[in-house]
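Source file my_file.pdb; content: PDB, C-alpha atoms.
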```pdb
ATOM      1  CA  MET A   1      81.556 139.356 129.123
ATOM      2  CA  TRP A   2      84.780 137.513 129.730
ATOM      3  CA  ARG A   3      87.434 137.466 127.055
ATOM      4  CA  ALA A   4      90.143 134.827 127.119
ATOM      5  CA  ILE A   5      93.255 134.817 124.970
ATOM      6  CA  ILE A   6      94.639 131.303 124.831
ATOM      7  CA  ILE A   7      97.990 130.353 123.324
ATOM      8  CA  VAL A   8      98.887 126.720 122.623
ATOM      9  CA  LYS A   9     102.514 125.773 121.990
ATOM     10  CA  TYR A  10     104.566 122.611 121.753
ATOM     11  CA  LYS A  11     106.164 121.526 125.009
ATOM     12  CA  GLU A  12     109.893 122.015 125.485
ATOM     13  CA  GLY A  13     111.812 119.283 123.711
ATOM     14  CA  ILE A  14     109.136 118.509 121.127
ATOM     15  CA  LEU A  15     110.375 119.206 117.617
ATOM     16  CA  ASP A  16     108.617 122.217 116.067
ATOM     17  CA  PRO A  17     109.612 121.866 112.406
ATOM     18  CA  GLU A  18     107.517 124.851 111.343
ATOM     19  CA  ALA A  19     109.428 127.123 113.706
ATOM     20  CA  LYS A  20     112.714 125.651 112.515
ATOM     21  CA  THR A  21     111.800 126.320 108.893
ATOM     22  CA  ILE A  22     110.749 129.925 109.600
ATOM     23  CA  HIS A  23     113.873 130.546 111.658
ATOM     24  CA  HIS A  24     116.009 129.209 108.851
ATOM     25  CA  ALA A  25     114.197 131.441 106.329
ATOM     26  CA  LEU A  26     114.827 134.494 108.516
ATOM     27  CA  GLY A  27     118.530 133.634 108.505
ATOM     28  CA  THR A  28     118.430 133.411 104.715
ATOM     29  CA  LEU A  29     116.921 136.913 104.647
ATOM     30  CA  GLY A  30     119.853 138.180 106.697
ATOM     31  CA  TYR A  31     118.156 138.366 110.095
ATOM     32  CA  HIS A  32     120.925 136.553 111.904
ATOM     33  CA  VAL A  33     120.090 138.568 115.037
ATOM     34  CA  VAL A  34     116.969 136.387 115.438
ATOM     35  CA  THR A  35     118.455 133.715 117.657
ATOM     36  CA  ASP A  36     115.369 131.581 118.247
ATOM     37  CA  LEU A  37     111.721 131.299 117.288
ATOM     38  CA  THR A  38     108.764 129.187 118.345
ATOM     39  CA  THR A  39     105.259 128.932 116.927
ATOM     40  CA  GLY A  40     101.888 128.415 118.503
ATOM     41  CA  LYS A  41      98.172 128.721 118.027
ATOM     42  CA  TYR A  42      96.200 131.725 119.210
ATOM     43  CA  PHE A  43      92.543 131.640 120.262
ATOM     44  CA  GLU A  44      90.224 134.429 121.366
ATOM     45  CA  VAL A  45      87.271 133.161 123.319
ATOM     46  CA  GLU A  46      84.273 135.085 124.582
ATOM     47  CA  ILE A  47      82.508 133.719 127.636
ATOM     48  CA  ASP A  48      79.153 134.583 129.180
ATOM     49  CA  GLY A  49      79.578 137.549 131.520
ATOM     50  CA  SER A  50      77.164 136.136 134.100
ATOM     51  CA  LEU A  51      79.831 133.630 135.165
ATOM     52  CA  SER A  52      82.142 134.449 138.072
ATOM     53  CA  ARG A  53      85.868 134.794 137.336
ATOM     54  CA  ALA A  54      86.501 131.381 138.874
ATOM     55  CA  GLU A  55      83.788 129.778 136.733
ATOM     56  CA  ALA A  56      85.061 131.450 133.565
ATOM     57  CA  GLU A  57      88.591 130.361 134.399
ATOM     58  CA  LYS A  58      87.405 126.784 134.844
ATOM     59  CA  VAL A  59      85.809 126.859 131.373
ATOM     60  CA  VAL A  60      89.008 128.217 129.830
ATOM     61  CA  GLN A  61      91.133 125.552 131.491
ATOM     62  CA  GLU A  62      88.759 122.775 130.479
ATOM     63  CA  ILE A  63      88.486 123.700 126.816
ATOM     64  CA  SER A  64      92.224 124.354 126.610
ATOM     65  CA  SER A  65      93.190 120.972 128.002
ATOM     66  CA  LYS A  66      90.374 118.929 126.443
ATOM     67  CA  ILE A  67      90.207 120.362 122.951
ATOM     68  CA  LEU A  68      92.434 123.297 122.067
ATOM     69  CA  SER A  69      95.655 121.519 123.052
ATOM     70  CA  ASN A  70      96.866 117.935 123.044
ATOM     71  CA  PRO A  71      98.498 117.579 126.468
ATOM     72  CA  VAL A  72     100.774 114.803 125.169
ATOM     73  CA  VAL A  73     102.784 117.273 123.113
ATOM     74  CA  GLN A  74     101.449 120.749 123.853
ATOM     75  CA  ARG A  75     100.938 123.200 126.717
ATOM     76  CA  PHE A  76      98.735 126.262 126.973
ATOM     77  CA  THR A  77      98.780 129.674 128.602
ATOM     78  CA  TYR A  78      95.891 132.106 128.862
ATOM     79  CA  GLU A  79      94.847 135.574 129.909
ATOM     80  CA  LEU A  80      91.336 136.184 131.113
ATOM     81  CA  THR A  81      89.957 139.717 131.188
ATOM     82  CA  GLU A  82      86.548 141.157 131.891
ATOM     83  CA  ASP A  83      85.140 143.197 129.022
ATOM     84  CA  LYS A  84      82.567 145.616 130.401
ATOM     85  CA  ALA A  85      81.758 147.350 127.114
TER      86      ALA A  85
ATOM     87  CA  MET B   1      81.413  88.656 110.759
ATOM     88  CA  LYS B   2      80.591  92.251 109.955
ATOM     89  CA  PHE B   3      82.799  95.285 109.393
ATOM     90  CA  GLY B   4      81.704  98.892 109.898
ATOM     91  CA  VAL B   5      83.469 101.784 108.199
ATOM     92  CA  VAL B   6      82.931 105.126 109.907
ATOM     93  CA  VAL B   7      82.300 108.114 107.661
ATOM     94  CA  PHE B   8      83.264 111.539 108.991
ATOM     95  CA  PRO B   9      82.919 114.743 106.977
ATOM     96  CA  GLY B  10      86.258 114.729 105.145
ATOM     97  CA  SER B  11      86.939 110.978 105.258
ATOM     98  CA  ASN B  12      88.300 109.958 101.860
ATOM     99  CA  CYS B  13      89.518 106.378 102.252
ATOM    100  CA  ASP B  14      86.162 105.070 103.475
ATOM    101  CA  HIS B  15      85.223 103.767 100.022
ATOM    102  CA  ASP B  16      88.620 102.082  99.594
ATOM    103  CA  ALA B  17      88.197 100.196 102.859
ATOM    104  CA  TYR B  18      84.585  99.287 102.018
ATOM    105  CA  HIS B  19      85.646  98.043  98.572
ATOM    106  CA  VAL B  20      88.421  95.838  99.915
ATOM    107  CA  ILE B  21      86.203  94.274 102.571
ATOM    108  CA  LYS B  22      83.216  93.711 100.317
ATOM    109  CA  HIS B  23      84.730  92.932  96.925
ATOM    110  CA  VAL B  24      88.202  91.616  97.657
ATOM    111  CA  LEU B  25      87.478  89.765 100.898
ATOM    112  CA  GLY B  26      83.800  89.066 100.288
ATOM    113  CA  ALA B  27      82.890  89.968 103.869
ATOM    114  CA  ARG B  28      79.891  91.946 105.142
ATOM    115  CA  VAL B  29      80.401  95.651 105.585
ATOM    116  CA  GLU B  30      78.340  98.775 106.241
ATOM    117  CA  TYR B  31      79.093 102.466 106.463
ATOM    118  CA  ILE B  32      78.544 104.125 109.838
ATOM    119  CA  TRP B  33      77.659 107.822 109.759
ATOM    120  CA  HIS B  34      79.585 109.897 112.319
ATOM    121  CA  LYS B  35      76.332 111.049 113.951
ATOM    122  CA  GLU B  36      75.313 107.532 114.972
ATOM    123  CA  THR B  37      75.239 107.043 118.715
ATOM    124  CA  THR B  38      74.859 103.282 118.868
ATOM    125  CA  LEU B  39      76.654 100.469 117.051
ATOM    126  CA  ARG B  40      74.745  97.297 116.364
ATOM    127  CA  MET B  41      76.174  93.934 115.475
ATOM    128  CA  PHE B  42      79.617  94.911 114.297
ATOM    129  CA  ASP B  43      82.739  92.816 114.873
ATOM    130  CA  VAL B  44      85.278  95.280 113.492
ATOM    131  CA  ILE B  45      85.084  99.079 113.260
ATOM    132  CA  ILE B  46      87.364 100.884 110.828
ATOM    133  CA  LEU B  47      88.248 104.548 111.214
ATOM    134  CA  PRO B  48      89.389 105.376 107.690
ATOM    135  CA  GLY B  49      91.952 107.787 106.314
ATOM    136  CA  GLY B  50      91.190 111.269 105.124
ATOM    137  CA  PHE B  51      90.924 114.731 106.552
ATOM    138  CA  SER B  52      88.054 114.564 109.014
ATOM    139  CA  TYR B  53      86.751 118.071 109.721
ATOM    140  CA  GLY B  54      89.460 119.457 107.457
ATOM    141  CA  ASP B  55      92.170 118.525 109.984
ATOM    142  CA  TYR B  56      91.184 121.755 111.743
ATOM    143  CA  LEU B  57      92.913 122.390 115.071
ATOM    144  CA  ARG B  58      94.941 119.149 114.865
ATOM    145  CA  ALA B  59      94.439 116.036 112.757
ATOM    146  CA  GLY B  60      91.751 113.979 114.497
ATOM    147  CA  ALA B  61      91.102 116.565 117.216
ATOM    148  CA  VAL B  62      87.529 117.380 116.178
ATOM    149  CA  ALA B  63      86.504 113.893 114.986
ATOM    150  CA  ARG B  64      87.334 112.619 118.426
ATOM    151  CA  PHE B  65      84.226 114.445 119.704
ATOM    152  CA  ALA B  66      81.902 113.131 116.980
ATOM    153  CA  PRO B  67      78.798 111.421 118.441
ATOM    154  CA  VAL B  68      79.898 107.999 117.119
ATOM    155  CA  MET B  69      83.147 108.097 119.103
ATOM    156  CA  ASN B  70      81.475 107.447 122.466
ATOM    157  CA  ALA B  71      79.971 104.280 121.024
ATOM    158  CA  ILE B  72      83.360 103.256 119.605
ATOM    159  CA  VAL B  73      85.066 103.763 122.967
ATOM    160  CA  GLN B  74      82.423 101.521 124.581
ATOM    161  CA  PHE B  75      82.740  98.988 121.737
ATOM    162  CA  SER B  76      86.520  98.776 122.224
ATOM    163  CA  ARG B  77      86.174  98.476 126.014
ATOM    164  CA  HIS B  78      84.048  95.406 125.444
ATOM    165  CA  GLY B  79      86.741  93.871 123.281
ATOM    166  CA  GLY B  80      85.459  94.975 119.866
ATOM    167  CA  MET B  81      88.151  95.231 117.205
ATOM    168  CA  VAL B  82      89.008  98.757 116.056
ATOM    169  CA  LEU B  83      91.381  99.587 113.201
ATOM    170  CA  GLY B  84      92.406 103.211 112.643
ATOM    171  CA  ILE B  85      94.200 103.950 109.396
ATOM    172  CA  CYS B  86      96.115 107.217 108.916
ATOM    173  CA  ASN B  87      93.560 109.869 109.973
ATOM    174  CA  GLY B  88      91.869 107.048 111.885
ATOM    175  CA  PHE B  89      95.104 106.487 113.828
ATOM    176  CA  GLN B  90      95.255 110.212 114.588
ATOM    177  CA  ILE B  91      91.666 110.070 115.888
ATOM    178  CA  LEU B  92      92.407 107.035 118.112
ATOM    179  CA  LEU B  93      95.333 108.917 119.686
ATOM    180  CA  GLU B  94      93.307 112.094 120.214
ATOM    181  CA  ALA B  95      90.551 109.977 121.772
ATOM    182  CA  GLY B  96      93.050 108.383 124.145
ATOM    183  CA  LEU B  97      92.341 104.847 122.884
ATOM    184  CA  LEU B  98      96.042 104.625 122.028
ATOM    185  CA  PRO B  99      98.960 106.380 123.787
ATOM    186  CA  GLY B 100     101.141 109.141 122.320
ATOM    187  CA  ALA B 101     100.528 111.685 119.566
ATOM    188  CA  LEU B 102     101.169 112.250 115.870
ATOM    189  CA  ILE B 103     102.808 115.588 115.144
ATOM    190  CA  PRO B 104     103.727 117.144 111.775
ATOM    191  CA  ASN B 105     106.416 115.290 109.808
ATOM    192  CA  ASN B 106     109.908 116.411 110.820
ATOM    193  CA  HIS B 107     110.597 117.770 107.314
ATOM    194  CA  MET B 108     107.305 119.704 107.068
ATOM    195  CA  ARG B 109     106.264 117.971 103.857
ATOM    196  CA  PHE B 110     103.260 115.873 102.947
ATOM    197  CA  ARG B 111     104.630 112.434 102.109
ATOM    198  CA  CYS B 112     102.884 110.255  99.536
ATOM    199  CA  GLN B 113     105.006 107.236  98.707
ATOM    200  CA  ASN B 114     105.401 103.515  99.203
ATOM    201  CA  VAL B 115     107.168 102.446 102.377
ATOM    202  CA  TYR B 116     108.323  99.160 103.871
ATOM    203  CA  ILE B 117     107.134  98.174 107.302
ATOM    204  CA  LYS B 118     108.127  95.283 109.503
ATOM    205  CA  VAL B 119     105.604  93.109 111.348
ATOM    206  CA  LEU B 120     106.866  92.885 114.916
ATOM    207  CA  ASP B 121     104.611  90.114 116.118
ATOM    208  CA  ASN B 122     102.148  87.844 114.353
ATOM    209  CA  THR B 123     100.153  86.801 117.406
ATOM    210  CA  SER B 124      97.774  89.791 117.345
ATOM    211  CA  PRO B 125      94.288  89.487 115.797
ATOM    212  CA  PHE B 126      95.406  91.997 113.145
ATOM    213  CA  THR B 127      98.632  90.291 112.073
ATOM    214  CA  ARG B 128      98.082  86.533 112.266
ATOM    215  CA  GLU B 129      98.199  86.195 108.472
ATOM    216  CA  TYR B 130     101.809  87.396 108.490
ATOM    217  CA  GLN B 131     105.097  86.008 109.720
ATOM    218  CA  THR B 132     106.926  87.783 112.540
ATOM    219  CA  ALA B 133     109.593  90.074 111.007
ATOM    220  CA  GLN B 134     107.858  89.894 107.610
ATOM    221  CA  VAL B 135     108.370  93.049 105.542
ATOM    222  CA  LEU B 136     105.282  94.596 103.909
ATOM    223  CA  ARG B 137     105.112  97.223 101.210
ATOM    224  CA  MET B 138     102.286  99.735 101.305
ATOM    225  CA  PRO B 139     101.710 103.447 100.735
ATOM    226  CA  ILE B 140     101.676 106.322 103.173
ATOM    227  CA  ALA B 141     100.032 109.678 102.456
ATOM    228  CA  HIS B 142     100.210 112.105 105.361
ATOM    229  CA  TYR B 143     101.486 115.352 106.793
ATOM    230  CA  SER B 144     101.165 114.515 110.493
ATOM    231  CA  GLY B 145     102.611 111.040 110.872
ATOM    232  CA  ASN B 146     105.495 111.737 113.182
ATOM    233  CA  TYR B 147     104.819 109.487 116.177
ATOM    234  CA  TYR B 148     105.748 110.940 119.537
ATOM    235  CA  ALA B 149     105.454 109.570 123.051
ATOM    236  CA  ASP B 150     107.491 110.227 126.180
ATOM    237  CA  ALA B 151     110.273 107.831 127.163
ATOM    238  CA  ASP B 152     108.150 105.932 129.710
ATOM    239  CA  THR B 153     105.366 105.379 127.192
ATOM    240  CA  LEU B 154     107.824 104.193 124.533
ATOM    241  CA  LYS B 155     109.313 101.752 126.997
ATOM    242  CA  SER B 156     105.911 100.361 127.943
ATOM    243  CA  LEU B 157     105.006  99.996 124.259
ATOM    244  CA  GLU B 158     108.171  97.975 123.747
ATOM    245  CA  ASP B 159     107.818  95.936 126.936
ATOM    246  CA  ASN B 160     104.171  95.049 126.261
ATOM    247  CA  GLY B 161     104.659  94.179 122.614
ATOM    248  CA  GLN B 162     102.413  97.056 121.540
ATOM    249  CA  ILE B 163     104.524  98.165 118.586
ATOM    250  CA  ALA B 164     102.777  96.616 115.590
ATOM    251  CA  PHE B 165     104.852  97.937 112.691
ATOM    252  CA  GLN B 166     108.132  99.799 112.218
ATOM    253  CA  TYR B 167     109.315 101.607 109.086
ATOM    254  CA  CYS B 168     112.221  99.647 107.660
ATOM    255  CA  GLU B 169     114.443  99.036 104.633
ATOM    256  CA  PRO B 170     113.253  96.457 102.066
ATOM    257  CA  ASP B 171     115.415  93.872 103.872
ATOM    258  CA  GLY B 172     113.788  94.594 107.236
ATOM    259  CA  THR B 173     116.524  96.757 108.734
ATOM    260  CA  VAL B 174     114.970  99.453 110.912
ATOM    261  CA  SER B 175     116.993 102.562 110.055
ATOM    262  CA  GLU B 176     116.817 106.343 110.169
ATOM    263  CA  ASN B 177     116.951 106.283 106.381
ATOM    264  CA  ALA B 178     113.746 104.240 106.165
ATOM    265  CA  ASN B 179     111.869 106.610 108.484
ATOM    266  CA  PRO B 180     109.625 108.830 106.324
ATOM    267  CA  ASN B 181     108.418 111.269 108.972
ATOM    268  CA  GLY B 182     110.621 111.335 112.083
ATOM    269  CA  SER B 183     108.565 108.862 114.148
ATOM    270  CA  LEU B 184     110.276 107.783 117.359
ATOM    271  CA  LEU B 185     111.502 104.177 117.169
ATOM    272  CA  ASN B 186     110.364 104.238 113.499
ATOM    273  CA  ILE B 187     106.853 103.504 114.754
ATOM    274  CA  ALA B 188     104.328 103.020 111.943
ATOM    275  CA  GLY B 189     101.573 101.400 114.014
ATOM    276  CA  ILE B 190     100.725 100.481 117.604
ATOM    277  CA  PHE B 191      98.248  98.350 119.545
ATOM    278  CA  ASN B 192      96.465  99.119 122.798
ATOM    279  CA  PRO B 193      97.509  96.833 125.690
ATOM    280  CA  ALA B 194      94.594  94.416 125.043
ATOM    281  CA  ARG B 195      95.506  94.358 121.324
ATOM    282  CA  ASN B 196      91.979  94.867 120.088
ATOM    283  CA  VAL B 197      92.785  98.373 118.851
ATOM    284  CA  LEU B 198      95.370  99.031 116.122
ATOM    285  CA  GLY B 199      96.351 102.406 114.738
ATOM    286  CA  MET B 200      98.686 102.684 111.745
ATOM    287  CA  MET B 201      99.823 105.397 109.339
ATOM    288  CA  PRO B 202     100.372 103.236 106.200
ATOM    289  CA  HIS B 203      97.313 102.332 104.135
ATOM    290  CA  PRO B 204      96.646  98.559 103.964
ATOM    291  CA  GLU B 205      93.389  99.209 102.072
ATOM    292  CA  ARG B 206      95.405 100.781  99.257
ATOM    293  CA  ALA B 207      97.639  97.710  99.060
ATOM    294  CA  ALA B 208      95.086  94.921  98.909
ATOM    295  CA  GLU B 209      95.067  93.982  95.237
ATOM    296  CA  LYS B 210      97.993  92.894  93.069
ATOM    297  CA  ILE B 211      96.804  95.050  90.201
ATOM    298  CA  LEU B 212      97.411  98.106  92.399
ATOM    299  CA  GLY B 213     101.046  97.170  92.945
ATOM    300  CA  SER B 214     100.897  95.332  96.261
ATOM    301  CA  ASN B 215      98.475  93.176  98.186
ATOM    302  CA  ASP B 216     100.599  93.112 101.318
ATOM    303  CA  GLY B 217      97.901  94.994 103.220
ATOM    304  CA  LEU B 218      95.180  92.415 102.663
ATOM    305  CA  GLY B 219      96.577  90.231 105.446
ATOM    306  CA  ILE B 220      95.337  92.671 108.070
ATOM    307  CA  PHE B 221      91.730  92.351 106.866
ATOM    308  CA  LYS B 222      92.073  88.591 106.428
ATOM    309  CA  SER B 223      93.512  88.240 109.920
ATOM    310  CA  LEU B 224      90.443  89.996 111.311
ATOM    311  CA  VAL B 225      88.065  87.703 109.411
ATOM    312  CA  ASP B 226      89.915  84.637 110.677
ATOM    313  CA  HIS B 227      89.861  86.004 114.193
ATOM    314  CA  ALA B 228      86.076  86.285 114.320
TER     315      ALA B 228
END
```
Once more with this new file: its structure as structure tokens, please.
Amino acid sequence: MWRAIIIVKYKEGILDPEAKTIHHALGTLGYHVVTDLTTGKYFEVEIDGSLSRAEAEKVVQEISSKILSNPVVQRFTYELTEDKA
Amino acid sequence: MKFGVVVFPGSNCDHDAYHVIKHVLGARVEYIWHKETTLRMFDVIILPGGFSYGDYLRAGAVARFAPVMNAIVQFSRHGGMVLGICNGFQILLEAGLLPGALIPNNHMRFRCQNVYIKVLDNTSPFTREYQTAQVLRMPIAHYSGNYYADADTLKSLEDNGQIAFQYCEPDGTVSENANPNGSLLNIAGIFNPARNVLGMMPHPERAAEKILGSNDGLGIFKSLVDHA
């Protein structure tokens, strides 16, 4: 089985008000050492193990760009590992 | 002349739109279930406000893949009129029928209030009942209404006259102060290049009867009836 961990975040330059709010709250709590913070969405996806790595990777890229992220404002990164258990 | 109002799981302004079309305008209207795959004999399709699929993932992101959306894309390609209100606007953007995206409001709060919007051009099939630069008062109710598009897209929207409405002061001044959500260029609604698709965050169906405080929104529905 393939296991993909996909993270979707706003692109550079797009306002992330949630991150701004959390960062501000951390400052209020005294954590001034936290100099920046961004947020994102995390997905764990299991994919049929009979697929080759290239095929599994294609699936991950397709679902990430078509559904899990909106390419107008977001970008995605992923890690794909083979789970032999 | 027949309107269709699409019903997704989580739509909650479908009845408002249906009511305005049927009882205020006296036009023909039918609900369209989101699982329909064909559209028969409609002149105008309305994607109503609400929280389709619970706004999971992103507002409009799941509705965009509903079976009915393929038929709506085809309908719009053949010149059919499509009006997306609030969540409907979010769906049209996710579906790529309109450019750009709606991201969470810049202040992270759900905004439910009356706003003023300016009509930029009264030559579209959606706005012919209005005067250019006329100021309309209608409510907004959203969390993700912050319109974003890259600089090139914004320029093409401006150059092609695709900006339908801008948030403004009661006197029509487009200002930062009148912007309820951080939208670039104070954008409250846009057309596609052919101007048969309009997406807007304010709710014209909630401002279509005087007894409800404003009937400024009725002009959009009337314009569509006149257009047919």
Chain and number of each residue from the ChimeraX specification (/A :<12) & /B, as an MDAnalysis selection string: chainID B and resid 56:65 90:91 93:96 98:109 143:144 146:151 153 181:184
Protein/DNA/RNA residues near (95.1, 99.0, 103.1), cut 10 Å, only C-alpha atoms, as a PyMOL selection string: chain B and resi 13+16-17+20+48-49+85+138-140+202-209+214-221
Would you output that residue set with C-alpha atoms, as a PDB file, in the frame of the given file?
```pdb
ATOM      1  CA  CYS B  13      89.518 106.378 102.252  1.00  0.00           C
ATOM      2  CA  ASP B  16      88.620 102.082  99.594  1.00  0.00           C
ATOM      3  CA  ALA B  17      88.197 100.196 102.859  1.00  0.00           C
ATOM      4  CA  VAL B  20      88.421  95.838  99.915  1.00  0.00           C
ATOM      5  CA  PRO B  48      89.389 105.376 107.690  1.00  0.00           C
ATOM      6  CA  GLY B  49      91.952 107.787 106.314  1.00  0.00           C
ATOM      7  CA  ILE B  85      94.200 103.950 109.396  1.00  0.00           C
ATOM      8  CA  MET B 138     102.286  99.735 101.305  1.00  0.00           C
ATOM      9  CA  PRO B 139     101.710 103.447 100.735  1.00  0.00           C
ATOM     10  CA  ILE B 140     101.676 106.322 103.173  1.00  0.00           C
ATOM     11  CA  PRO B 202     100.372 103.236 106.200  1.00  0.00           C
ATOM     12  CA  HIS B 203      97.313 102.332 104.135  1.00  0.00           C
ATOM     13  CA  PRO B 204      96.646  98.559 103.964  1.00  0.00           C
ATOM     14  CA  GLU B 205      93.389  99.209 102.072  1.00  0.00           C
ATOM     15  CA  ARG B 206      95.405 100.781  99.257  1.00  0.00           C
ATOM     16  CA  ALA B 207      97.639  97.710  99.060  1.00  0.00           C
ATOM     17  CA  ALA B 208      95.086  94.921  98.909  1.00  0.00           C
ATOM     18  CA  GLU B 209      95.067  93.982  95.237  1.00  0.00           C
ATOM     19  CA  SER B 214     100.897  95.332  96.261  1.00  0.00           C
ATOM     20  CA  ASN B 215      98.475  93.176  98.186  1.00  0.00           C
ATOM     21  CA  ASP B 216     100.599  93.112 101.318  1.00  0.00           C
ATOM     22  CA  GLY B 217      97.901  94.994 103.220  1.00  0.00           C
ATOM     23  CA  LEU B 218      95.180  92.415 102.663  1.00  0.00           C
ATOM     24  CA  GLY B 219      96.577  90.231 105.446  1.00  0.00           C
ATOM     25  CA  ILE B 220      95.337  92.671 108.070  1.00  0.00           C
ATOM     26  CA  PHE B 221      91.730  92.351 106.866  1.00  0.00           C
TER      27      PHE B 221
END
```
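Compared by their closest atoms to Phe42 (chain B), and using only C-alpha atoms, the residues B:Val5, B:Ile117, B:Ala194, B:Leu185 rank with B:Val5 nearest.
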CA of Val119 (chain B) to CA of Arg28 (chain B), straight-line distance in Å: 26.5 Å
Would you pick out the contacts of Ser223 (chain B) at 8 Å or less, using all atoms listed in the file, so that residues sharing its chain but fewer than 2 positions from it are not included, and give the list as a PDB file with C-alpha atoms, in the frame of the given file?
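Listing of result_7.pdb after writing:
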```
ATOM      1  CA  PRO B 125      94.288  89.487 115.797  1.00  0.00           C
ATOM      2  CA  PHE B 126      95.406  91.997 113.145  1.00  0.00           C
ATOM      3  CA  THR B 127      98.632  90.291 112.073  1.00  0.00           C
ATOM      4  CA  ARG B 128      98.082  86.533 112.266  1.00  0.00           C
ATOM      5  CA  GLU B 129      98.199  86.195 108.472  1.00  0.00           C
ATOM      6  CA  GLY B 219      96.577  90.231 105.446  1.00  0.00           C
ATOM      7  CA  ILE B 220      95.337  92.671 108.070  1.00  0.00           C
ATOM      8  CA  PHE B 221      91.730  92.351 106.866  1.00  0.00           C
ATOM      9  CA  VAL B 225      88.065  87.703 109.411  1.00  0.00           C
ATOM     10  CA  ASP B 226      89.915  84.637 110.677  1.00  0.00           C
ATOM     11  CA  HIS B 227      89.861  86.004 114.193  1.00  0.00           C
TER      12      HIS B 227
END
```
Length of the CA of Thr132 (chain B) to CA of Ile190 (chain B) vector [Å]: 15.0 Å
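Between CA of Asn12 (chain B) and CA of Asp55 (chain B) there is a distance of 12.4 Å.
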Residue IDs satisfying the PyMOL selection byres ((chain B and resi 164-171) around 7), as a list in words: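 This file gives the following for the PyMOL selection byres ((chain B and resi 164-171) around 7): Tyr116, Ile117, Lys118, Val119, Leu120, Asp121, Val135, Gln162, Ile163, Gly172, Thr173, Val174, Ser175, Ala178, Asn179, Asn186, Ile187, Ala188, Gly189, Ile190 and Phe191 of chain B.
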Distance query Ile5 (chain A) at most 8 Å, only C-alpha atoms, self and fewer than 4 positions along chain excluded, as a list in words: Tyr42, Phe43, Glu44, Val45, Tyr78, Glu79 and Leu80 of chain A
Mind writing the picked residues with C-alpha atoms as a PDB file, in the frame of the given file?
```pdb
ATOM      1  CA  TYR A  42      96.200 131.725 119.210  1.00  0.00           C
ATOM      2  CA  PHE A  43      92.543 131.640 120.262  1.00  0.00           C
ATOM      3  CA  GLU A  44      90.224 134.429 121.366  1.00  0.00           C
ATOM      4  CA  VAL A  45      87.271 133.161 123.319  1.00  0.00           C
ATOM      5  CA  TYR A  78      95.891 132.106 128.862  1.00  0.00           C
ATOM      6  CA  GLU A  79      94.847 135.574 129.909  1.00  0.00           C
ATOM      7  CA  LEU A  80      91.336 136.184 131.113  1.00  0.00           C
TER       8      LEU A  80
END
```
Among listed residues A:His32, A:Arg53, A:His23, A:Arg75, nearest Ala4 (chain A) (using only C-alpha atoms):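 Once distances to Ala4 (chain A) are computed over only C-alpha atoms, the minimum belongs to A:Arg53.
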Selected residue, from A:Ser64, A:Thr81, A:Thr39, A:Ser50, that lies nearest to Ala19 (chain A) when counting all atoms listed in the file: A:Thr39
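Proximity ranking of A:Val34, A:Thr77, A:Ile22, A:Thr28 relative to Glu57 (chain A) places A:Thr77 first, based on only C-alpha atoms.
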12 Å contact set for Gly79 (chain B), all atoms listed in the file, chain neighbours under 5 positions out, as JSON, numbers by chain: {"B": [42, 43, 44, 45, 72, 73, 74, 125, 192, 193, 194, 195, 196, 197, 228]}
Of the listed residues B:Gly199, B:Lys210, B:Ala141, B:Val82, that which approaches Cys112 (chain B) most closely, counting all atoms listed in the file: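 Counting all atoms listed in the file, the residue closest to Cys112 (chain B) is B:Ala141.
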Minimum-distance residue to Gly40 (chain A), chosen among A:Gln74, A:Arg3, A:Lys84, A:Leu26 (using all atoms listed in the file): A:Gln74
Draw an axis-aligned box over all listed atoms of region 11-24 of chain B, pad each side with 5 Å, and write its centre and edge lengths in Å, one decimal, as JSON.
```
{"center_x": 86.4, "center_y": 101.3, "center_z": 101.1, "size_x": 16.3, "size_y": 29.4, "size_z": 18.3}
```
